[in-house]
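J.: Got entry.cif for you, mmCIF, C-alpha atoms:
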```cif
data_protein
#
loop_
_atom_site.label_atom_id
_atom_site.label_comp_id
_atom_site.auth_asym_id
_atom_site.auth_seq_id
_atom_site.Cartn_x
_atom_site.Cartn_y
_atom_site.Cartn_z
CA MET A 135 0.00 0.00 0.00
CA ALA A 136 1.34 3.42 -0.97
CA GLU A 137 2.51 5.66 1.85
CA ASP A 138 0.16 8.52 2.76
CA LEU A 139 1.39 11.78 1.20
CA TYR A 140 0.69 13.80 4.33
CA SER A 141 2.81 11.37 6.34
CA VAL A 142 5.63 11.67 3.77
CA LEU A 143 5.77 15.44 4.33
CA GLY A 144 5.07 15.15 8.06
CA VAL A 145 2.02 17.43 8.07
CA SER A 146 -1.60 16.93 9.11
CA ARG A 147 -4.48 16.69 6.64
CA GLN A 148 -5.66 20.06 7.96
CA ALA A 149 -2.35 21.75 7.08
CA SER A 150 -2.63 24.98 5.09
CA GLN A 151 -0.99 25.41 1.67
CA ASP A 152 1.58 27.70 3.31
CA ASP A 153 2.33 25.03 5.94
CA ILE A 154 2.92 22.48 3.18
CA LYS A 155 5.18 24.86 1.27
CA ARG A 156 7.26 25.68 4.36
CA ARG A 157 7.59 22.02 5.32
CA TYR A 158 8.69 21.07 1.80
CA ARG A 159 11.34 23.80 1.74
CA LYS A 160 12.75 22.57 5.05
CA LEU A 161 12.88 18.93 3.92
CA ALA A 162 14.27 19.79 0.48
CA LYS A 163 17.19 21.63 2.09
CA GLU A 164 17.90 18.71 4.42
CA LEU A 165 17.50 15.92 1.87
CA HIS A 166 18.83 17.39 -1.37
CA PRO A 167 21.19 14.88 -3.03
CA ASP A 168 23.85 17.57 -3.52
CA LEU A 169 24.13 17.81 0.27
CA ASN A 170 24.01 14.02 0.81
CA PRO A 171 26.23 12.50 -1.89
CA GLY A 172 26.21 8.71 -2.00
CA ASN A 173 23.35 8.34 0.51
CA ASP A 174 20.79 6.24 -1.37
CA ALA A 175 18.28 6.24 1.51
CA VAL A 176 18.20 10.03 1.65
CA ALA A 177 17.97 10.23 -2.15
CA GLU A 178 14.96 7.91 -2.11
CA ARG A 179 13.24 9.96 0.59
CA PHE A 180 13.94 13.15 -1.40
CA LYS A 181 12.11 11.59 -4.36
CA LYS A 182 9.10 10.74 -2.18
CA VAL A 183 9.01 14.20 -0.60
CA SER A 184 9.19 15.88 -4.03
CA ALA A 185 6.42 13.67 -5.40
CA ALA A 186 4.21 14.34 -2.35
CA HIS A 187 4.74 18.09 -2.65
CA ALA A 188 3.87 18.03 -6.36
CA ILE A 189 0.36 16.84 -5.47
CA LEU A 190 -0.33 18.50 -2.12
CA SER A 191 0.98 21.93 -3.23
CA ASP A 192 -1.63 22.04 -6.00
CA PRO A 193 -5.07 22.70 -4.43
CA ARG A 194 -6.89 20.93 -7.29
CA LYS A 195 -4.71 17.83 -7.14
CA ARG A 196 -4.82 17.84 -3.34
CA ALA A 197 -8.62 17.85 -3.40
CA SER A 198 -8.62 14.96 -5.87
CA TYR A 199 -6.22 13.02 -3.65
CA ASP A 200 -8.31 13.68 -0.53
CA LEU A 201 -11.42 12.42 -2.37
CA GLY A 202 -9.61 9.30 -3.53
CA GLU A 203 -9.85 10.27 -7.20
CA ILE A 204 -6.08 10.00 -7.68
CA ASP A 205 -3.52 7.86 -5.91
CA ALA A 206 -0.18 8.78 -4.32
CA ASP A 207 1.45 8.69 -7.77
CA GLY A 208 -1.06 11.19 -9.13
CA GLN A 209 -2.73 8.58 -11.32
CA ALA A 210 -6.52 8.38 -11.63
CA ARG A 211 -8.03 5.48 -9.70
CA GLN A 212 -10.15 2.82 -11.46
CA ARG A 213 -13.62 4.29 -11.95
CA TYR A 214 -15.67 1.18 -12.49
CA ALA A 215 -16.01 -1.84 -10.22
CA HIS A 216 -16.24 -5.30 -11.84
CA TYR A 217 -18.03 -8.21 -10.27
CA GLY A 218 -18.49 -11.88 -11.13
CA ASN A 219 -17.83 -12.43 -14.83
CA GLY A 220 -16.88 -8.78 -15.46
CA ALA A 221 -20.33 -7.59 -16.56
CA GLY A 222 -20.92 -5.61 -13.38
CA THR A 223 -21.95 -1.96 -13.16
CA ALA A 224 -20.85 1.05 -11.11
CA GLY A 225 -23.56 3.35 -9.84
CA GLY A 226 -26.12 1.80 -12.24
CA PHE A 227 -23.99 2.56 -15.33
CA ASP A 228 -23.12 -0.42 -17.54
CA GLU A 229 -19.60 -0.13 -18.96
CA SER A 230 -20.74 -2.10 -22.02
CA ILE A 231 -22.87 0.91 -23.04
CA LEU A 232 -19.72 3.03 -23.29
CA GLU A 233 -17.93 0.32 -25.28
CA GLY A 234 -20.90 0.05 -27.64
CA LEU A 235 -20.89 3.80 -28.18
CA PHE A 236 -17.23 3.80 -29.21
CA SER A 237 -17.87 0.77 -31.42
CA GLU A 238 -20.56 2.69 -33.35
CA MET A 239 -18.36 5.80 -33.66
CA PHE A 240 -15.03 4.24 -34.57
CA GLY A 241 -15.79 0.69 -35.68
CA ARG A 242 -16.44 -2.54 -33.90
CA GLY A 243 -14.08 -3.29 -31.05
CA ALA A 244 -12.80 0.29 -30.80
CA GLY A 245 -14.53 0.88 -27.47
CA ARG A 246 -13.15 -2.07 -25.59
CA GLY A 247 -10.15 -1.03 -23.55
CA PHE A 248 -10.29 2.57 -24.80
CA ARG A 249 -8.47 5.04 -22.56
CA PRO A 250 -7.76 8.68 -23.48
CA ALA A 251 -4.24 10.10 -23.48
CA THR A 252 -3.38 11.78 -20.19
CA ARG A 253 -0.93 14.62 -19.68
CA GLY A 254 1.81 13.95 -17.14
CA GLU A 255 1.85 15.62 -13.75
CA ASP A 256 3.92 18.75 -13.13
CA ALA A 257 6.96 18.25 -10.89
CA SER A 258 8.05 20.82 -8.28
CA TYR A 259 11.63 21.45 -7.19
CA THR A 260 13.56 24.00 -5.12
CA LEU A 261 16.97 25.28 -6.20
CA THR A 262 19.21 27.44 -3.99
CA ILE A 263 21.69 29.67 -5.81
CA GLU A 264 24.27 32.29 -4.86
CA PHE A 265 23.52 36.03 -4.89
CA LEU A 266 25.89 36.71 -7.80
CA GLU A 267 24.43 33.82 -9.82
CA ALA A 268 21.00 35.40 -9.45
CA ALA A 269 22.29 38.88 -10.31
CA LYS A 270 24.33 37.90 -13.38
CA GLY A 271 22.69 34.65 -14.51
CA ALA A 272 24.13 31.14 -14.44
CA LYS A 273 23.84 27.55 -15.66
CA LYS A 274 22.71 25.17 -12.92
CA ARG A 275 21.83 21.49 -12.57
CA VAL A 276 18.73 20.20 -10.77
CA VAL A 277 18.36 16.62 -9.50
CA MET A 278 14.79 15.52 -10.27
CA GLY A 279 12.59 13.24 -8.21
CA ASP A 280 13.48 10.19 -10.31
CA GLY A 281 17.20 10.80 -9.85
CA LYS A 282 17.73 12.23 -13.32
CA THR A 283 19.48 15.58 -13.76
CA LEU A 284 18.21 18.65 -15.58
CA ASP A 285 20.39 21.55 -16.73
CA ILE A 286 18.65 24.92 -16.57
CA ALA A 287 19.58 28.51 -17.42
CA ILE A 288 19.10 31.01 -14.58
CA PRO A 289 18.19 34.37 -16.14
CA ALA A 290 20.11 37.41 -14.90
CA GLY A 291 18.15 39.41 -12.34
CA ILE A 292 15.92 36.57 -11.12
CA GLU A 293 14.30 37.29 -7.73
CA ASP A 294 14.12 35.19 -4.58
CA GLY A 295 11.02 32.96 -4.63
CA GLN A 296 10.52 33.25 -8.40
CA THR A 297 9.52 30.02 -10.17
CA LEU A 298 10.87 28.86 -13.52
CA ARG A 299 8.60 26.69 -15.68
CA LEU A 300 10.43 24.12 -17.80
CA ARG A 301 7.88 22.84 -20.28
CA GLY A 302 7.79 19.13 -20.91
CA LYS A 303 10.35 18.35 -18.20
CA GLY A 304 7.87 16.99 -15.65
CA ARG A 305 6.46 13.49 -15.28
CA PRO A 306 5.71 11.57 -18.49
CA GLY A 307 2.16 11.28 -19.76
CA THR A 308 0.30 8.03 -20.24
CA ARG A 309 -1.01 6.48 -23.45
CA GLY A 310 0.90 8.98 -25.58
CA GLY A 311 -0.02 12.05 -23.53
CA ALA A 312 2.35 15.00 -23.25
CA SER A 313 4.78 15.23 -20.35
CA GLY A 314 4.04 17.67 -17.54
CA ASP A 315 6.20 20.68 -16.71
CA ALA A 316 8.98 21.08 -14.14
CA MET A 317 8.38 23.98 -11.74
CA VAL A 318 11.67 25.14 -10.18
CA GLU A 319 11.41 27.62 -7.30
CA ILE A 320 14.55 29.74 -6.89
CA GLN A 321 15.92 30.59 -3.45
CA ILE A 322 18.85 33.03 -3.20
CA ARG A 323 21.48 32.91 -0.47
CA PRO A 324 22.19 36.31 1.16
CA HIS A 325 25.50 37.99 0.26
CA PRO A 326 27.84 39.19 3.05
CA MET A 327 28.14 42.66 1.45
CA PHE A 328 25.55 43.23 -1.28
CA GLU A 329 21.90 43.85 -0.41
CA ARG A 330 19.30 43.91 -3.17
CA ARG A 331 16.40 46.38 -3.08
CA GLY A 332 14.42 46.06 -6.30
CA ARG A 333 17.03 46.52 -9.04
CA ASP A 334 19.32 48.59 -6.81
CA ILE A 335 22.19 47.24 -4.73
CA HIS A 336 23.21 48.74 -1.37
CA ILE A 337 26.52 48.26 0.42
CA GLU A 338 28.24 49.75 3.47
CA LEU A 339 31.85 50.69 2.80
CA PRO A 340 34.39 51.46 5.57
CA VAL A 341 36.74 54.45 4.96
CA THR A 342 39.67 55.78 6.96
CA LEU A 343 39.65 59.07 8.84
CA GLY A 344 42.05 60.55 6.29
CA GLU A 345 39.93 59.42 3.31
CA ALA A 346 36.81 60.92 4.85
CA VAL A 347 38.38 64.23 5.89
CA LEU A 348 40.69 64.86 2.95
CA GLY A 349 38.78 63.02 0.21
CA ALA A 350 40.15 60.13 -1.85
CA ARG A 351 39.69 57.83 -4.83
CA ILE A 352 39.10 54.27 -3.64
CA ASP A 353 38.11 50.89 -5.09
CA VAL A 354 34.52 49.78 -4.44
CA PRO A 355 33.22 46.19 -4.90
CA THR A 356 30.36 45.75 -7.40
CA ILE A 357 28.71 42.65 -8.88
CA ASP A 358 30.92 43.18 -11.96
CA GLY A 359 34.15 43.60 -9.99
CA PRO A 360 35.81 46.59 -8.30
CA VAL A 361 35.39 50.13 -9.72
CA THR A 362 37.04 53.40 -8.66
CA MET A 363 34.88 55.93 -6.80
CA THR A 364 35.62 59.42 -5.49
CA VAL A 365 35.03 60.05 -1.79
CA PRO A 366 34.30 63.79 -1.46
CA LYS A 367 36.40 65.83 0.96
CA GLY A 368 34.73 66.20 4.34
CA SER A 369 32.58 63.05 4.04
CA ASN A 370 31.07 61.56 7.18
CA SER A 371 29.69 58.23 8.36
CA GLY A 372 26.32 57.75 6.69
CA THR A 373 27.23 59.71 3.56
CA MET A 374 25.47 58.00 0.62
CA LEU A 375 27.15 57.90 -2.78
CA ARG A 376 25.74 56.50 -6.02
CA LEU A 377 27.36 54.37 -8.71
CA LYS A 378 25.07 54.77 -11.71
CA GLU A 379 23.85 51.58 -13.45
CA ARG A 380 25.92 49.25 -11.29
CA GLY A 381 22.88 47.41 -9.96
CA ILE A 382 20.71 44.55 -11.26
CA GLY A 383 19.70 44.40 -14.91
CA GLY A 384 16.05 44.27 -15.95
CA PRO A 385 14.38 41.37 -17.79
CA ASN A 386 15.47 40.89 -21.41
CA GLY A 387 18.31 43.37 -21.12
CA GLY A 388 16.28 46.16 -19.48
CA ALA A 389 17.86 49.17 -17.75
CA ARG A 390 20.08 48.38 -14.78
CA GLY A 391 19.56 49.71 -11.31
CA ASN A 392 22.17 51.68 -9.36
CA GLN A 393 24.55 50.78 -6.55
CA TYR A 394 24.34 52.92 -3.42
CA VAL A 395 27.44 53.13 -1.20
CA ARG A 396 26.99 54.20 2.43
CA LEU A 397 30.26 55.34 3.98
CA SER A 398 31.21 54.11 7.43
CA LEU A 399 34.10 55.81 9.27
CA ALA A 400 36.63 53.26 10.53
CA LEU A 401 39.21 54.44 13.07
CA PRO A 402 42.65 52.80 13.13
CA PRO A 403 43.05 49.78 15.43
CA SER A 404 45.55 51.74 17.51
CA THR A 405 47.01 55.27 17.63
CA ASP A 406 50.37 56.68 18.66
CA GLU A 407 51.18 59.45 21.13
CA ALA A 408 51.73 62.07 18.45
CA PHE A 409 48.31 61.43 16.90
CA ASP A 410 46.61 61.58 20.30
CA SER A 411 48.36 64.88 21.13
CA PHE A 412 47.32 66.38 17.79
CA LEU A 413 43.67 65.47 18.37
CA GLU A 414 43.74 66.94 21.88
CA ARG A 415 45.10 70.27 20.57
CA TRP A 416 42.75 70.29 17.57
CA SER A 417 39.68 69.49 19.70
CA ALA A 418 40.54 72.26 22.13
CA ASP A 419 40.84 74.80 19.29
CA HIS A 420 37.80 73.56 17.32
CA PRO A 421 35.05 72.63 19.76
CA TYR A 422 31.74 71.41 18.29
CA ASN A 423 28.77 69.33 19.44
CA PRO A 424 27.53 66.80 16.83
CA ARG A 425 24.54 66.00 19.06
CA LYS A 426 23.22 69.52 19.51
CA ASN A 427 20.20 68.94 17.24
CA LEU A 428 19.11 65.76 19.00
CA PRO A 429 16.14 65.94 21.39
CA GLY A 430 17.58 67.06 24.71
CA GLY A 431 20.93 67.79 23.10
#
```
Render the structure in this file as structure tokens.

T.:
Amino acid sequence: MAEDLYSVLGVSRQASQDDIKRRYRKLAKELHPDLNPGNDAVAERFKKVSAAHAILSDPRKRASYDLGEIDADGQARQRYAHYGNGAGTAGGFDESILEGLFSEMFGRGAGRGFRPATRGEDASYTLTIEFLEAAKGAKKRVVMGDGKTLDIAIPAGIEDGQTLRLRGKGRPGTRGGASGDAMVEIQIRPHPMFERRGRDIHIELPVTLGEAVLGARIDVPTIDGPVTMTVPKGSNSGTMLRLKERGIGGPNGGARGNQYVRLSLALPPSTDEAFDSFLERWSADHPYNPRKNLPGG
């Protein structure tokens, strides 16, 4: 007997669609074959979890499964019961009537055993990629539920949670029916420096006291590699500078966003006596209160 799909995912039959989606994401990260190389047991469970999610994540298929109209493999259950010598009926309907109808339409014998072509089920997968792969595009490989691999092109600028539809790459159809589609949900790992906001990228860049006070030309990381940027004289922590069109590109080669660089003043790890003496003299001659405009300042 096939294992219950709710038990495969470890959720109750009353679970919401969001609960099912969250549970699948958690299991997919734990069981993905790329993270468990050579572990056949985990690979087999990953297949079962992916197959269960393909049905339970689709409200229409889930309803059909709950009603017993489809089985755990997504295949339609036998509609008609047969008793005795096979001439039985289901719900008062004689199957021989249907066979006779097809015989009249397509020739004698055409009705017996007739089954229409059925399109294959869609298959759902989750693929985690790096921030720069999402920003610039990449070629990636997905391990499908049956253990086969599928190479896919990640378009530049794809967003976290976006789903790619790969037509005809799902489960095969029956009786000559077309294959279903593969639905690949993209998850993007955070980057230690770059933060995406729409098509713009934001970073925080540390600068020295001398660079901030005197101004400087410094190298700044971007998704395309370092570029030179001018730090204006007299800059302060929190100063925001813009690198035009150094952000994420739009779909089909659309206009790129910008990169915004927020300066952060970084003091040296240690100072010497001469530097300390200079600051004491300078502070005494140039007093100012940077907090004077704060409430209570």

J.: Give the answer as one residue: which of A:Thr356, A:Thr362, A:Ser411, A:Ser371 has the shortest atom-to-atom distance to Gln393 in chain A, using all atoms listed in the file?

T.: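 Comparing A:Thr356, A:Thr362, A:Ser411, A:Ser371 against Gln393 in chain A, the winner is A:Thr356.
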
J.: The PyMOL selection byres ((chain A and resi 330-343) around 8) on the file shown: which residues, as a ChimeraX atom specification?

T.: /A:291,327-329,344-347,354,380-384,390-402

J.: So that I can see what lies close to Tyr199 in chain A, please list as a PyMOL selection string the residues with an atom at most 10 Å from it, counting all atoms listed in the file and leaving out residues fewer than 4 positions away in the same chain.

T.: chain A and resi 139+189-190+193-195+203-211

J.: Identify all residues satisfying the PyMOL selection byres ((chain A and resi 150) around 12) in the given file; provide them as a PyMOL selection string.

T.: chain A and resi 140+145-149+151-157+190-193+196

J.: Can you pull out every residue within 9 Å of Gly311 in chain A, counting all atoms listed in the file, but drop anything in the same chain fewer than 5 positions away, and send it as a ChimeraX atom specification?

T.: /A:250-254,306

J.: Since I can't run it myself right now, could you work out what the PyMOL selection byres ((chain A and resi 365) around 8) selects here and report it as an MDAnalysis selection string?

T.: chainID A and resid 345:346 349:352 363:364 366:367 369

J.: Choose the residue, out of A:Asn427, A:Ser141, A:Gly271, A:Thr260, that has the smallest atom-to-atom separation from Leu165 in chain A; count only C-alpha atoms.

T.: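 Looking at the shortest contact to Leu165 in chain A, the residue is A:Thr260.
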
J.: Rounded to one decimal place, report the CA of Pro326 in chain A-CA of Thr405 in chain A distance in Å.

T.: 29.0 Å
